[in-house]
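Comments concern the structure below.
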Amino acid sequence: MIAQQRFSLMPTVVKNLLIINGLFFMGMISFRSTFGVDITQWLGLYYPASESFIPSQLVTHMFMHGNIGHIASNMIMLWFLGSAMENYWGSQRFLIYYMLTGLGASALQIAVNAYEFQSLTRSISPENLEVLLTEGRDLLAPGYVFKDAAMMEVYRFLNTPMVGASGAVFGVLLAFGMTFPNQVIYLNFFFPIKAKYFVIGYGLLELYNGFATSNSGIAHFAHLGGMLFGFLLIRRWRKTRYL
């Protein structure tokens, strides 16, 4: 059953998520400018085969962002869509959904990366692969030249962390579209479109981008993962009458 509660423009979970994300971002900027240290190397999510991977990154990466535009776009969507869903579902259910879709987004992105990683490593000699796995970031020492393009791609997989709340936010977007399918959203504040069509269109766009722009630096499959796990979770909750 849906929790009944008073409508709030800034419900508890959304408010605290905004604060936590803001604190992480300010911490990242402060450590980088004051100490010359990038805390993304500990809190961003690395591919599990990387020497930099630790399990806690599955959670911490959801509160890290690359730049002001990245965090601003995610937080605006979180506030706008998340507030509606938290008011409708209640704080506990919304928090569970947010965290699970964020984890689901990471799982799908890692699975896709694993497929690409295995494809790349088949074209690299065992000796060169061992160098990549053991020396890691040290390979960026001045003067180092990769022996082939495949080595460079594998290096990128192992040493480029994924950051951002996008997976969970896309899960919230999916929930909004399923819960309020006929609610009109104004694209760029001018063009009206029903939420259900916006979600479908955005999902198809992310699917296309995931295959067409694999080296864009954007984790498109994480976005799709948030939507996919959100869909499965909502279907499960409706079936068990949790919703």
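The chains in the structure tokens are called A, B, ... from first to last as shown; in each chain the residues are counted from 1, and the ligands are counted from 1 in the order shown.
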**Study point:** Surrounding residues of Ala107 in chain A excluding itself and chain neighbours under 3 positions, 8 Å, only C-alpha atoms, as number ranges by chain
**Key:** A: 103-104, 110-111, 222, 225
**Study point:** Backbone DSSP call of alpha helix (DSSP H) for range 62-222 of chain A, listed as JSON, numbers by chain
**Key:** {"A": [68, 69, 70, 71, 72, 73, 74, 75, 76, 77, 83, 84, 85, 86, 87, 88, 89, 91, 92, 93, 94, 95, 96, 97, 98, 99, 100, 101, 102, 103, 104, 105, 106, 107, 108, 109, 110, 111, 112, 113, 114, 115, 116, 117, 118, 119, 120, 121, 126, 127, 128, 129, 130, 131, 132, 133, 134, 135, 149, 150, 151, 152, 153, 154, 155, 156, 157, 158, 159, 166, 167, 168, 169, 170, 171, 172, 173, 174, 175, 176, 177, 178, 179, 195, 196, 197, 198, 199, 200, 201, 202, 203, 204, 205, 206, 207, 208, 209, 210, 211, 212, 220, 221, 222]}
Write out as an mmCIF file with C-alpha atoms, in the first residue's frame each polymer residue whose atoms come within 7 Å of Asn87 in chain A, counting only C-alpha atoms; drop sequence neighbours fewer than 4 positions from it.
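What landed in out-v2.cif:
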```
data_model
loop_
_atom_site.group_PDB
_atom_site.id
_atom_site.type_symbol
_atom_site.label_atom_id
_atom_site.label_comp_id
_atom_site.auth_asym_id
_atom_site.auth_seq_id
_atom_site.Cartn_x
_atom_site.Cartn_y
_atom_site.Cartn_z
ATOM 1 C CA GLN A 5 1.733 11.724 4.021
ATOM 2 C CA PHE A 7 3.045 16.847 0.442
ATOM 3 C CA SER A 8 6.481 18.439 0.771
ATOM 4 C CA PRO A 11 10.922 15.600 1.452
ATOM 5 C CA SER A 83 10.204 14.678 -4.534
#
```
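Considering only C-alpha atoms, the residue among A:Leu108, A:Leu18, A:Ala175, A:Ile39 positioned nearest to Gly210 in chain A is A:Leu108.
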Practice item. Using only C-alpha atoms, determine which residues lie at most 9 Å from range 71-74 of chain A, disregarding the query and same-chain residues fewer than 5 positions distant; provide the list as a PyMOL selection string. Key: chain A and resi 21-22+25+64-66+79+164-166+169
Study note, to complete from the structure: In Å and to one decimal, CA of Val131 in chain A is distant from CA of Leu45 in chain A by 21.4 Å
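In terms of minimum interatomic distance to Met178 in chain A, A:Ala195 ranks closest within A:Val163, A:Ala195, A:Val154, A:Leu243, counting only C-alpha atoms.
Relative to CA of Phe170 in chain A, CA of Leu228 in chain A is found at 9.4 Å.
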Would you pick out the contacts of Asn159 in chain A at 9 Å or less, using only C-alpha atoms, so that residues sharing its chain but fewer than 3 positions from it are not included, and give the list as a JSON list (two decimals) with C-alpha atoms, in the first residue's frame?
```json
[["chain", "number", "residue", "atom", "x", "y", "z"],
["A", 41, "GLN", "CA", 40.52, 7.26, -6.86],
["A", 46, "TYR", "CA", 36.51, 0.90, -10.74],
["A", 47, "TYR", "CA", 36.11, -2.23, -12.81],
["A", 50, "SER", "CA", 41.37, -3.23, -11.37],
["A", 51, "GLU", "CA", 43.83, -3.00, -8.51],
["A", 52, "SER", "CA", 41.95, 0.15, -7.44],
["A", 136, "GLY", "CA", 48.06, -0.03, -13.29],
["A", 137, "ARG", "CA", 48.28, 3.75, -13.05],
["A", 154, "VAL", "CA", 42.21, -2.17, -21.40],
["A", 155, "TYR", "CA", 44.14, 0.41, -19.41],
["A", 156, "ARG", "CA", 41.13, 2.73, -19.69]]
```
List the spatial neighbours of Ile19 in chain A as an mmCIF file with C-alpha atoms, in the first residue's frame - criterion: any atom at most 12 Å away, only C-alpha atoms, same-chain residues fewer than 3 positions off excluded.
```
data_model
loop_
_atom_site.group_PDB
_atom_site.id
_atom_site.type_symbol
_atom_site.label_atom_id
_atom_site.label_comp_id
_atom_site.auth_asym_id
_atom_site.auth_seq_id
_atom_site.Cartn_x
_atom_site.Cartn_y
_atom_site.Cartn_z
ATOM 1 C CA MET A 10 11.687 18.991 -0.134
ATOM 2 C CA THR A 12 13.381 14.070 3.902
ATOM 3 C CA VAL A 13 15.234 11.519 1.763
ATOM 4 C CA VAL A 14 15.562 13.787 -1.263
ATOM 5 C CA LYS A 15 16.811 16.614 0.952
ATOM 6 C CA ASN A 16 19.439 14.415 2.590
ATOM 7 C CA GLY A 22 26.819 18.314 -2.280
ATOM 8 C CA LEU A 23 29.180 17.495 0.593
ATOM 9 C CA PHE A 24 30.956 14.817 -1.444
ATOM 10 C CA PHE A 25 31.379 17.230 -4.340
ATOM 11 C CA MET A 26 32.742 20.014 -2.133
ATOM 12 C CA PHE A 63 27.655 10.347 -4.439
ATOM 13 C CA ILE A 71 26.069 17.153 -10.340
ATOM 14 C CA MET A 75 20.407 16.896 -8.531
ATOM 15 C CA LEU A 78 16.490 14.077 -8.319
ATOM 16 C CA TRP A 79 14.684 16.991 -6.695
#
```
Point to revise | Computed interatomic separation between CA of Ile54 in chain A and CA of Gly36 in chain A (Å) | key: 22.0 Å
